[in-house]
Each structure stands twice: as structure tokens, then as C-alpha cells.
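Structure data follow from start-v7.cif (mmCIF, C-alpha atoms and all ligand atoms):
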```cif
data_run
loop_
_atom_site.label_atom_id
_atom_site.label_comp_id
_atom_site.auth_asym_id
_atom_site.auth_seq_id
_atom_site.Cartn_x
_atom_site.Cartn_y
_atom_site.Cartn_z
CA MET A 1 234.15 170.61 152.97
CA THR A 2 237.25 168.52 152.20
CA LYS A 3 238.84 168.33 148.77
CA ASP A 4 237.31 164.89 148.17
CA ASP A 5 233.85 166.02 149.31
CA HIS A 6 234.10 169.00 146.99
CA SER A 7 235.00 166.97 143.90
CA THR A 8 232.33 164.35 144.72
CA THR A 9 229.67 167.07 144.95
CA THR A 10 230.93 168.76 141.79
CA SER A 11 230.82 165.47 139.87
CA GLN A 12 227.27 164.95 141.17
CA PHE A 13 226.28 167.88 138.92
CA ALA A 14 228.68 167.18 136.05
CA HIS A 15 225.83 166.09 133.70
CA LEU A 16 223.95 169.34 134.35
CA THR A 17 226.85 171.76 134.03
CA TYR A 18 229.86 172.67 131.88
CA PRO A 19 233.09 174.46 132.88
CA GLU A 20 233.61 177.19 130.27
CA LEU A 21 231.95 178.99 127.37
CA ARG A 22 233.64 178.81 124.01
CA ILE A 23 233.83 182.60 123.80
CA ASN A 24 236.95 184.70 123.97
CA ASP A 25 236.20 187.77 126.09
CA ASN A 26 239.42 189.59 125.08
CA LEU A 27 240.22 190.86 128.55
CA LEU A 28 243.18 192.93 129.72
CA ASP A 29 245.15 189.83 130.78
CA GLU A 30 244.81 188.42 127.23
CA ASN A 31 246.41 191.50 125.67
CA PRO A 32 249.78 190.48 124.13
CA ARG A 33 251.54 193.46 125.75
CA VAL A 34 250.31 192.41 129.19
CA ILE A 35 251.33 188.81 128.53
CA LYS A 36 254.81 190.08 127.63
CA PHE A 37 254.88 192.23 130.78
CA GLN A 38 253.91 189.15 132.80
CA SER A 39 256.69 186.98 131.38
CA LYS A 40 259.17 189.75 132.21
CA PHE A 41 257.81 189.79 135.77
CA GLU A 42 258.16 186.00 135.99
CA SER A 43 261.71 186.07 134.68
CA PHE A 44 262.79 188.28 137.59
CA GLN A 45 263.87 185.41 139.85
CA LEU A 46 266.47 184.81 142.52
CA HIS A 47 269.42 182.72 141.36
CA GLU A 48 271.70 183.23 144.35
CA PRO A 49 271.01 183.73 148.09
CA PRO A 50 271.03 187.27 149.56
CA THR A 51 274.40 188.65 150.67
CA THR A 52 273.22 191.96 152.15
CA ASN A 53 270.31 193.01 154.36
CA ILE A 54 267.68 195.72 153.74
CA GLY A 55 269.40 198.46 155.75
CA THR A 56 267.56 200.10 158.64
CA LEU A 57 264.41 198.09 157.82
CA SER A 58 266.30 195.00 159.05
CA ARG A 59 265.85 196.29 162.60
CA LEU A 60 262.11 195.58 162.39
CA PRO A 61 260.87 192.11 163.42
CA LEU A 62 259.96 190.04 160.35
CA GLU A 63 256.27 189.80 161.40
CA LEU A 64 255.99 193.58 161.57
CA LEU A 65 257.68 194.00 158.20
CA GLN A 66 255.30 191.43 156.69
CA GLU A 67 252.32 193.32 158.11
CA VAL A 68 253.59 196.60 156.62
CA LEU A 69 254.10 194.95 153.22
CA TYR A 70 250.59 193.45 153.39
CA GLN A 71 249.17 196.96 153.68
CA LEU A 72 251.29 198.57 150.96
CA ASP A 73 250.07 199.11 147.41
CA ILE A 74 251.21 196.57 144.83
CA ALA A 75 253.16 199.10 142.73
CA THR A 76 255.32 199.93 145.79
CA LEU A 77 255.66 196.23 146.63
CA VAL A 78 256.99 195.38 143.21
CA GLY A 79 259.48 198.25 143.55
CA PHE A 80 260.53 196.88 146.97
CA ARG A 81 261.01 193.44 145.38
CA ARG A 82 263.71 194.96 143.16
CA VAL A 83 265.68 196.62 145.98
CA ASN A 84 267.91 193.60 146.55
CA ARG A 85 267.79 189.83 147.02
CA GLN A 86 266.91 190.10 150.71
CA ALA A 87 263.91 192.31 149.88
CA PHE A 88 262.86 189.72 147.27
CA VAL A 89 263.02 186.95 149.91
CA ILE A 90 261.12 188.98 152.52
CA LEU A 91 258.32 189.85 150.10
CA GLY A 92 258.08 186.17 149.14
CA SER A 93 257.56 185.33 152.82
CA VAL A 94 254.29 187.36 152.95
CA PRO A 95 251.60 184.64 152.55
CA ALA A 96 249.10 186.98 150.84
CA TYR A 97 251.67 188.18 148.29
CA ARG A 98 252.75 184.58 147.65
CA ALA A 99 249.14 183.56 146.97
CA ILE A 100 248.62 186.54 144.62
CA ALA A 101 251.86 185.88 142.74
CA LYS A 102 250.86 182.22 142.32
CA HIS A 103 247.12 182.37 141.59
CA ALA A 104 246.42 185.93 140.38
CA ARG A 105 249.68 186.88 138.68
CA ASN A 106 247.73 187.93 135.58
CA ALA A 107 245.69 190.38 137.67
CA LEU A 108 248.77 191.66 139.48
CA CYS A 109 250.62 192.27 136.20
CA GLY A 110 247.48 193.65 134.51
CA ALA A 111 246.99 196.22 137.31
CA LEU A 112 250.67 197.22 137.12
CA ALA A 113 250.58 197.48 133.32
CA ILE A 114 247.64 199.93 133.31
CA GLY A 115 249.11 201.98 136.18
CA ALA A 116 246.41 200.97 138.66
CA GLY A 117 248.86 199.26 141.04
CA ARG A 118 249.11 202.33 143.27
CA TRP A 119 245.36 202.18 144.00
CA ILE A 120 245.36 198.56 145.20
CA SER A 121 246.93 197.24 148.40
CA CYS A 122 248.33 193.73 148.68
CA GLY A 123 245.74 193.04 151.40
CA THR A 124 242.83 194.18 149.23
CA LEU A 125 243.94 192.10 146.24
CA TYR A 126 244.34 189.04 148.47
CA GLU A 127 240.92 189.63 150.03
CA LYS A 128 239.32 189.79 146.55
CA LEU A 129 241.20 186.68 145.46
CA SER A 130 239.63 184.86 148.42
CA THR A 131 236.06 186.15 147.88
CA PRO A 132 233.82 184.28 145.41
CA GLU A 133 230.83 186.62 145.16
CA CYS A 134 230.12 189.46 142.75
CA GLU A 135 230.04 192.71 144.71
CA VAL A 136 226.91 193.82 142.88
CA CYS A 137 224.64 190.76 142.57
CA GLY A 138 226.18 188.09 144.83
CA ASP A 139 226.58 185.44 142.07
CA PHE A 140 229.84 183.57 141.71
CA ALA A 141 232.16 186.06 139.99
CA GLY A 142 235.17 185.04 137.93
CA TYR A 143 236.59 188.51 137.19
CA LEU A 144 238.40 191.37 138.89
CA TYR A 145 237.81 194.96 137.80
CA LEU A 146 241.34 196.19 138.47
CA LEU A 147 240.96 199.95 138.47
CA THR A 148 239.57 199.80 142.02
CA CYS A 149 239.93 196.03 142.61
CA LYS A 150 236.34 194.78 142.71
CA ARG A 151 235.17 191.17 142.27
CA VAL A 152 232.50 191.13 139.59
CA CYS A 153 230.51 188.68 137.43
CA PHE A 154 230.30 189.00 133.64
CA ILE A 155 226.72 190.28 133.59
CA CYS A 156 227.43 193.08 136.09
CA LEU A 157 230.75 194.05 134.53
CA SER A 158 229.07 194.44 131.14
CA GLU A 159 225.83 196.12 132.31
CA GLU A 160 226.51 198.04 135.52
CA PRO A 161 227.16 201.76 134.73
CA LEU A 162 229.80 202.11 137.47
CA TYR A 163 232.05 199.45 135.88
CA LEU A 164 232.48 201.50 132.71
CA PRO A 165 235.65 203.60 133.12
CA LEU A 166 235.26 207.01 131.48
CA ARG A 167 237.47 209.23 129.35
CA LEU A 168 238.61 212.19 131.44
CA SER A 169 236.74 214.81 129.38
CA HIS A 170 233.56 212.73 129.59
CA ALA A 171 233.87 212.34 133.40
CA CYS A 172 234.49 216.11 133.81
CA ARG A 173 231.41 216.88 131.72
CA LYS A 174 229.21 214.22 133.31
CA PHE A 175 229.95 215.07 136.96
CA GLY A 176 230.97 218.75 136.75
CA LEU A 177 234.61 218.12 137.71
CA ASN A 178 237.80 219.97 136.89
CA SER A 179 241.14 218.42 135.99
CA LYS A 180 242.61 219.21 139.44
CA ILE A 181 240.02 216.94 141.09
CA ILE A 182 240.03 214.27 138.41
CA ASN A 183 243.81 213.86 138.48
CA LYS A 184 243.58 212.65 142.09
CA LEU A 185 241.10 209.85 141.28
CA PRO A 186 241.87 206.23 140.30
CA CYS A 187 242.94 206.52 136.66
CA MET A 188 244.45 204.05 134.19
CA ARG A 189 246.11 204.05 130.81
CA VAL A 190 244.53 201.79 128.24
CA ILE A 191 246.96 199.30 126.75
CA PRO A 192 246.08 199.51 123.03
CA GLY A 193 244.63 196.32 121.62
CA THR A 194 241.51 194.26 120.98
CA TYR A 195 238.94 194.06 123.77
CA SER A 196 235.44 192.63 124.43
CA PRO A 197 233.81 189.48 122.98
CA ASN A 198 233.02 191.61 119.89
CA GLU A 199 236.77 192.13 119.31
CA LYS A 200 236.79 195.93 119.23
CA LYS A 201 240.09 197.75 118.74
CA THR A 202 240.86 200.33 121.41
CA PRO A 203 243.58 202.99 121.15
CA GLN A 204 245.75 204.28 123.96
CA CYS A 205 243.90 206.75 126.22
CA ILE A 206 243.50 207.65 129.90
CA LEU A 207 240.36 206.58 131.77
CA VAL A 208 239.03 207.32 135.24
CA ASP A 209 236.94 205.09 137.49
CA CYS A 210 233.28 206.08 137.11
CA LYS A 211 232.23 205.49 140.72
CA SER A 212 235.16 207.53 142.07
CA ALA A 213 234.31 210.36 139.66
CA LEU A 214 230.63 210.26 140.70
CA THR A 215 231.56 210.39 144.39
CA ALA A 216 234.00 213.26 143.75
CA GLY A 217 231.26 215.14 141.85
CA ILE A 218 228.75 214.78 144.69
CA THR A 219 231.41 215.87 147.23
CA ALA A 220 232.48 218.88 145.15
CA HIS A 221 228.91 220.12 144.58
CA GLY A 222 227.42 219.11 147.94
CA SER A 223 224.65 216.78 146.66
CA ILE A 224 223.54 214.83 143.58
CA ARG A 225 220.86 217.43 142.90
CA ALA A 226 223.36 220.33 143.06
CA MET A 227 225.75 218.38 140.80
CA ASP A 228 222.99 217.63 138.24
CA THR A 229 221.91 221.30 138.22
CA PHE A 230 225.49 222.46 137.68
CA VAL A 231 226.01 219.97 134.83
CA SER A 232 222.71 220.86 133.18
CA ASP A 233 223.36 224.66 133.44
CA LEU A 234 226.85 224.21 132.00
CA LYS A 235 225.45 222.16 129.12
CA THR A 236 222.92 224.90 128.33
CA GLN A 237 225.62 227.59 128.54
CA ARG A 238 227.95 225.68 126.20
CA PHE A 239 225.14 225.08 123.72
CA GLU A 240 224.22 228.79 123.71
CA GLU A 241 227.88 229.68 123.14
CA TYR A 242 227.92 227.23 120.23
CA ILE A 243 224.81 228.83 118.66
CA ALA A 244 226.43 232.27 119.05
CA ARG A 245 229.71 231.10 117.46
CA LYS A 246 227.78 229.51 114.61
CA ALA A 247 225.84 232.73 113.97
CA ALA A 248 229.07 234.77 114.07
CA ALA A 249 230.74 232.40 111.62
CA ARG A 250 227.75 232.64 109.26
CA ASN A 251 227.80 236.46 109.37
CA LEU A 252 231.53 236.51 108.63
CA GLY A 253 231.10 234.00 105.81
CA ASP A 254 233.45 231.59 107.61
CA GLY A 255 233.12 227.85 107.20
CA LEU A 256 230.51 226.52 109.63
CA SER A 257 232.27 223.18 109.75
CA ARG A 258 234.95 224.71 111.96
CA VAL A 259 232.39 225.43 114.69
CA ARG A 260 232.08 222.23 116.69
CA ARG A 261 228.86 221.30 118.42
CA PRO A 262 229.49 220.47 122.12
CA PRO A 263 228.57 216.88 123.09
CA THR A 264 225.12 216.78 124.68
CA HIS A 265 224.76 213.04 125.40
CA ASP A 266 226.87 210.25 126.88
CA PRO A 267 228.66 208.18 124.22
CA HIS A 268 226.76 205.01 123.29
CA ASP A 269 227.42 202.18 125.77
CA GLY A 270 227.30 198.89 123.90
CA GLN A 271 227.55 197.02 127.24
CA SER A 272 229.22 193.64 126.47
CA GLY A 273 230.17 195.16 123.08
CA ASN A 274 231.86 198.16 124.71
CA PRO A 275 235.63 197.53 124.72
CA LEU A 276 236.20 200.07 127.54
CA ARG A 277 234.37 197.69 129.89
CA PHE A 278 237.15 195.10 129.40
CA VAL A 279 240.34 197.18 129.45
CA ALA A 280 240.76 196.83 133.24
CA VAL A 281 239.44 193.30 133.71
CA ALA A 282 241.25 190.02 134.41
CA ARG A 283 239.87 186.52 134.95
CA VAL A 284 240.72 185.33 138.46
CA PRO A 285 239.63 182.17 140.33
CA CYS A 286 238.59 182.23 143.97
CA LEU A 287 241.12 180.80 146.42
CA SER A 288 239.57 179.04 149.40
CA ALA A 289 241.54 180.15 152.47
CA ALA A 290 240.57 176.94 154.30
CA SER A 291 241.35 174.28 151.65
CA GLN A 292 243.73 176.33 149.46
CA GLU A 293 241.71 175.05 146.46
CA LEU A 294 240.83 177.21 143.47
CA GLU A 295 237.21 177.65 142.44
CA TRP A 296 236.57 178.70 138.81
CA GLY A 297 232.80 178.22 138.92
CA PHE A 298 230.75 176.48 136.22
CA HIS A 299 227.81 177.16 133.91
CA CYS A 300 224.33 175.63 133.93
CA LEU A 301 223.21 173.51 130.95
CA GLY A 302 219.60 174.55 131.58
CA CYS A 303 220.57 178.19 131.00
CA GLU A 304 222.80 177.55 127.98
CA ARG A 305 220.50 179.33 125.53
CA ALA A 306 218.90 181.83 127.94
CA LYS A 307 219.71 185.52 128.13
CA ARG A 308 217.47 186.88 130.85
CA SER A 309 218.28 186.50 134.55
CA PRO A 310 217.76 184.37 136.57
CA LEU A 311 218.26 182.18 133.49
CA HIS A 312 221.36 183.52 131.75
CA TYR A 313 224.09 181.61 129.94
CA ARG A 314 226.76 183.90 131.41
CA ARG A 315 225.92 183.08 135.06
CA LYS A 316 228.44 180.97 136.95
CA PHE A 317 227.80 178.82 139.97
CA THR A 318 229.49 177.02 142.81
CA VAL A 319 228.06 173.76 144.14
CA ALA A 320 226.14 175.63 146.86
CA SER A 321 224.76 178.35 144.57
CA PHE A 322 223.86 175.75 141.89
CA LYS A 323 221.69 173.89 144.41
CA ASP A 324 219.89 177.19 145.15
CA HIS A 325 219.55 177.82 141.39
CA LEU A 326 217.90 174.41 140.84
CA ALA A 327 215.58 175.03 143.80
CA GLN A 328 214.57 178.44 142.37
CA CYS A 329 214.33 177.61 138.66
CA GLY A 330 213.55 173.87 138.75
CA GLY A 331 215.38 170.73 137.68
CA ILE A 332 216.83 170.34 134.19
CA ARG A 333 215.26 168.04 131.57
CA ASN A 334 216.17 168.06 127.89
CA GLY A 335 218.48 171.03 128.44
CA GLU A 336 215.81 173.25 130.05
CA HIS A 337 214.63 174.10 133.55
CA HIS A 338 211.23 172.71 134.63
CA LEU A 339 209.62 173.74 137.90
CA ASN A 340 207.53 170.53 138.11
ZN ZN B 1 227.10 190.30 139.37
ZN ZN B 2 220.18 177.25 134.93
#
```
Once more with this new file: its structure as C-alpha cells, please.
Ligand SMILES: [Zn+2]
Ligand SMILES: [Zn+2]
Amino acid sequence: MTKDDHSTTTSQFAHLTYPELRINDNLLDENPRVIKFQSKFESFQLHEPPTTNIGTLSRLPLELLQEVLYQLDIATLVGFRRVNRQAFVILGSVPAYRAIAKHARNALCGALAIGAGRWISCGTLYEKLSTPECEVCGDFAGYLYLLTCKRVCFICLSEEPLYLPLRLSHACRKFGLNSKIINKLPCMRVIPGTYSPNEKKTPQCILVDCKSALTAGITAHGSIRAMDTFVSDLKTQRFEEYIARKAAARNLGDGLSRVRRPPTHDPHDGQSGNPLRFVAVARVPCLSAASQELEWGFHCLGCERAKRSPLHYRRKFTVASFKDHLAQCGGIRNGEHHLN
């Protein structure tokens, strides 16, 4: 589809759609500290041409060097960029990095700011920039979950258990892990600030990716069943120890308030109201590799007041997926879908 064809088709649906919700999601890339980090990144520019080369790396053909850089993690790449002016120029010659720095700079800087840059390669970030679909449901997805670099739609990022990063103590308790294992998993530091559409304040803390912790738990215990048994036995043991400590404190006439009850349940997950679901998320368009156009997706007027899929005001569509949506849910009259 050419650029003109695309805009003609989009305008064909203009009366049935709208581009954005008037809701501020308070994502990572909207955090003032990340915005400051991003302007610092942007200010690092080349004002004079290189005068030296990059040492022994200069012996490699440029194509090979570009391929190596494509596969490196973004934290290392940004370090390489600072080596000297020649390194800056070479990195800028990698098409994938150039596209990321132009169209997903907020995601790049967000991932670096939370310390997740070492878990994401340049190639992976570029691949996600060029993929429109949510990795869970297949809808158009306008967000990247940066802890492990996944493309995700709003509904999945706010409801799917695996997109809720966990506090380290919670992950250890939930999957029967020790700190030695957990320290090797994709972790991030929360940039303190206001997150989620409900504007919840979140302090600085360290979180681990839930899916990585689950996988590590299954690997460490051999199976889900063995992991669940271990976790359940440990919970029982800790509760019995608590009862014993409480009884001892009562006998000694000590204050019972000093004996803390071990947590027995997961903390409440308020889904779209849970700020931890937004501390690693940036809004990113999809870059078409063929046309080099950006797709931001759009909302359906027929779903504007609906909250249950397939009719949901948070869903976003492309021209192709909107045609499927109309075929499935019916045409739109008076702001609502009608199958006949
Ligand atoms: Zn989804
Ligand atoms: Zn709709």
C-alpha cells in the first residue's frame, strides 16, 4: 500500500474513528526525570568531524561492524557512542539504530533510565518498533514493555499477570527463588514519580520481570507442581514460626505488635490502577519497513463507551484490523455497533 493509498483508506473511516483518548496514562516516558534524561541524550551531538579512528576495531569492514552493533545491547551501544566521534558516526550508520533514535527515542531513553538497556539488543528493539501487533492478543499495540522489550496493547498491559513487574521479595516468595537466582534476571529500578491513569505515586524500588521469575522458578524446582508445593510448604512453615513467635512473646509479656505476620497473599493488583504496570512502559508507534511510515493506530467510535472486549474503548486498530472489527461487530450507527 502506498502512502497515498494508506491516507485515502484511513480517511474513508475518519467519521467512524478518532485518533487518541483524552486520558493521560502517566507512562515511564512521561516521567519528568526520563524527559530530562532524554534531552541530555539528544544534546550529545557531533559538532566537528572525527579526527581519530576506533583503534583495532577499524580493521573490521564497516558492514561487519554494523552487524555486531545491531546485535549488541542498547546500554553497550550508548557507551560505544561516547568512545569518540568516529564511534558516534559508525553507530549512526546502523539503519536500525538510526530508526530507533529517530522514532523510539523515548523508549530507548526509558529503557536506559530504568537500567533495562542491558537486557535489550538493538536488533530486538528495532524488530519491536517494526511490529504492530500485541504479543498477547494480536490487536494493534501502541506500547512497549521495556523490561524485556515486548509490544503490548493497553488492555493486555493492564490485565495480563506477566506484565506486572514484581518486587524482589514478592517474586522470591511467589516462585520459591533465592536472591542469587533473582539477581541474574531482568530487573529494573523504578524512577520515582506518578504512574497509571489513576495518577498513583510510586517510590524508588527494584522490580523483576514476572515471566522471567516464573520461568526461573519452574527451572529451579523442576516443574510448576514442584514449585507450587515448595512455595505452599514454605508458607505453612513461616506461618507456624509466626504463631510460635507470637506465643513466645505473649508468655514473656512482650509487645505482640513487634511480631510481624508473614504475607500470605499477593498484593492487590489494581490492573489499570496499579502504577507498577506503567513504570516500564513507553508509547511507541509502529514503523513500516516498506513505506517508512509511522502507524499510531486509532480508536473506534462504536466502542467509545464500551468496556468489554471485543467492544472496548481502549482497543486500537489499523485500517485492516478495523475492517475485520466492523465485519465481526457490525457497522456503526448513532455511535454504536449494529450487526444488521
Ligand atoms: Zn493485547
Ligand atoms: Zn468498535
Nearby polymer residues, ligand ZN 1 (chain B), at most 9 Å, all atoms listed in the file, as a list in words: Glu133, Cys134, Glu135, Val136, Cys137, Gly138, Asp139, Phe140, Ala141, Arg151, Val152, Cys153, Phe154, Ile155, Cys156, Leu157, Glu160 and Arg315 of chain A
Cut-off 9 Å, only C-alpha atoms and all ligand atoms, neighbours of ligand ZN 2 (chain B) as a PyMOL selection string: chain A and resi 16-17+299-304+306+310-313+315+322+325-326+329-332+336-337
Distance query 9 Å from (264.0, 193.3, 152.4) using all atoms listed in the file, result as a PyMOL selection string: chain A and resi 53-55+57-58+65+80-81+83-91
Output C-alpha atoms of each residue in that selection to a file, as a JSON list (two decimals), keeping the file's coordinate frame.
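Written out: out-v5.json:
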```
[["chain", "number", "residue", "atom", "x", "y", "z"],
["A", 53, "ASN", "CA", 270.31, 193.01, 154.36],
["A", 54, "ILE", "CA", 267.68, 195.72, 153.74],
["A", 55, "GLY", "CA", 269.40, 198.46, 155.75],
["A", 57, "LEU", "CA", 264.41, 198.09, 157.82],
["A", 58, "SER", "CA", 266.30, 195.00, 159.05],
["A", 65, "LEU", "CA", 257.68, 194.00, 158.20],
["A", 80, "PHE", "CA", 260.53, 196.88, 146.97],
["A", 81, "ARG", "CA", 261.01, 193.44, 145.38],
["A", 83, "VAL", "CA", 265.68, 196.62, 145.98],
["A", 84, "ASN", "CA", 267.91, 193.60, 146.55],
["A", 85, "ARG", "CA", 267.79, 189.83, 147.02],
["A", 86, "GLN", "CA", 266.91, 190.10, 150.71],
["A", 87, "ALA", "CA", 263.91, 192.31, 149.88],
["A", 88, "PHE", "CA", 262.86, 189.72, 147.27],
["A", 89, "VAL", "CA", 263.02, 186.95, 149.91],
["A", 90, "ILE", "CA", 261.12, 188.98, 152.52],
["A", 91, "LEU", "CA", 258.32, 189.85, 150.10]]
```
Interatomic distance, CA of His170 in chain A to CA of Asp228 in chain A (Å, one decimal): 14.5 Å
Shell of 8 Å around Arg189 in chain A, all atoms listed in the file, local chain residues under 4 positions omitted, as a VMD selection string: chain A and resid 114 to 115 204 to 207
Point-to-point distance from CA of Pro165 in chain A to CA of Leu214 in chain A, Å rounded to tenths: 11.3 Å
Point-to-point distance from CA of Ser121 in chain A to CA of Arg98 in chain A, Å rounded to tenths: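 Computed distance, CA of Ser121 in chain A to CA of Arg98 in chain A, equals 14.0 Å.
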Shell of 9 Å around Thr202 in chain A, all atoms listed in the file, local chain residues under 4 positions omitted, as a ChimeraX atom specification: /A:190-195,275-276,279
Nearest candidate to Leu64 in chain A (options A:Ile218, A:Val94, A:Ala213, A:Ala320; using all atoms listed in the file):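 Answer, going by the shortest atom-to-atom distance: A:Val94.
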Identify, on the basis of only C-alpha atoms, every residue whose closest approach to range 100-109 of chain A does not exceed 6 Å; exclude the query and any residue fewer than 4 positions from it along the same chain; express the result as a compact mmCIF listing (two decimals) with C-alpha atoms, in the frame of the given file.
```txt
# COMPACT_ATOMS: atom_id res chain seq x y z
CA ASP A 29 245.15 189.83 130.78
CA GLN A 38 253.91 189.15 132.80
CA ALA A 113 250.58 197.48 133.32
CA ALA A 282 241.25 190.02 134.41
```
Write out as lines of an AutoDock Vina configuration file an axis-aligned box for range 80-98 of chain A: all of its atoms listed in the file, 3 Å added on each side, centre and edge lengths in Å with one decimal.
```
center_x = 258.5
center_y = 190.7
center_z = 148.1
size_x = 24.8
size_y = 18.3
size_z = 15.8
```
Within 12 Å of range 259-271 of chain A using all atoms listed in the file, minus same-chain residues under 4 positions, as a compact mmCIF listing (two decimals) with C-alpha atoms, in the frame of the given file:
```
# COMPACT_ATOMS: atom_id res chain seq x y z
CA PHE A 154 230.30 189.00 133.64
CA ILE A 155 226.72 190.28 133.59
CA CYS A 156 227.43 193.08 136.09
CA LEU A 157 230.75 194.05 134.53
CA SER A 158 229.07 194.44 131.14
CA GLU A 159 225.83 196.12 132.31
CA GLU A 160 226.51 198.04 135.52
CA PRO A 161 227.16 201.76 134.73
CA LEU A 162 229.80 202.11 137.47
CA TYR A 163 232.05 199.45 135.88
CA LEU A 164 232.48 201.50 132.71
CA PRO A 165 235.65 203.60 133.12
CA LEU A 166 235.26 207.01 131.48
CA ARG A 167 237.47 209.23 129.35
CA SER A 169 236.74 214.81 129.38
CA HIS A 170 233.56 212.73 129.59
CA ALA A 171 233.87 212.34 133.40
CA CYS A 172 234.49 216.11 133.81
CA ARG A 173 231.41 216.88 131.72
CA LYS A 174 229.21 214.22 133.31
CA PHE A 175 229.95 215.07 136.96
CA SER A 196 235.44 192.63 124.43
CA PRO A 197 233.81 189.48 122.98
CA ASN A 198 233.02 191.61 119.89
CA LYS A 200 236.79 195.93 119.23
CA VAL A 231 226.01 219.97 134.83
CA SER A 232 222.71 220.86 133.18
CA ASP A 233 223.36 224.66 133.44
CA LEU A 234 226.85 224.21 132.00
CA LYS A 235 225.45 222.16 129.12
CA THR A 236 222.92 224.90 128.33
CA GLN A 237 225.62 227.59 128.54
CA ARG A 238 227.95 225.68 126.20
CA PHE A 239 225.14 225.08 123.72
CA GLU A 240 224.22 228.79 123.71
CA GLU A 241 227.88 229.68 123.14
CA TYR A 242 227.92 227.23 120.23
CA ILE A 243 224.81 228.83 118.66
CA ALA A 244 226.43 232.27 119.05
CA ARG A 245 229.71 231.10 117.46
CA LYS A 246 227.78 229.51 114.61
CA ALA A 247 225.84 232.73 113.97
CA ALA A 248 229.07 234.77 114.07
CA ALA A 249 230.74 232.40 111.62
CA ARG A 250 227.75 232.64 109.26
CA ASP A 254 233.45 231.59 107.61
CA GLY A 255 233.12 227.85 107.20
CA PRO A 275 235.63 197.53 124.72
CA LEU A 276 236.20 200.07 127.54
CA ARG A 277 234.37 197.69 129.89
CA PHE A 278 237.15 195.10 129.40
```
Contact residues around Ile181 in chain A with only C-alpha atoms at 9 Å, ignoring same-chain residues under 6 positions, as a list in words: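 Listing them by chain and then by number gives Ala213, Ala216, Gly217 and Ala220 of chain A.
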Selected residue, from A:Thr148, A:Ala75, A:Pro49, A:Ser93, that lies nearest to Glu63 in chain A when counting all atoms listed in the file: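 Closest residue, counting all atoms listed in the file: A:Ser93.
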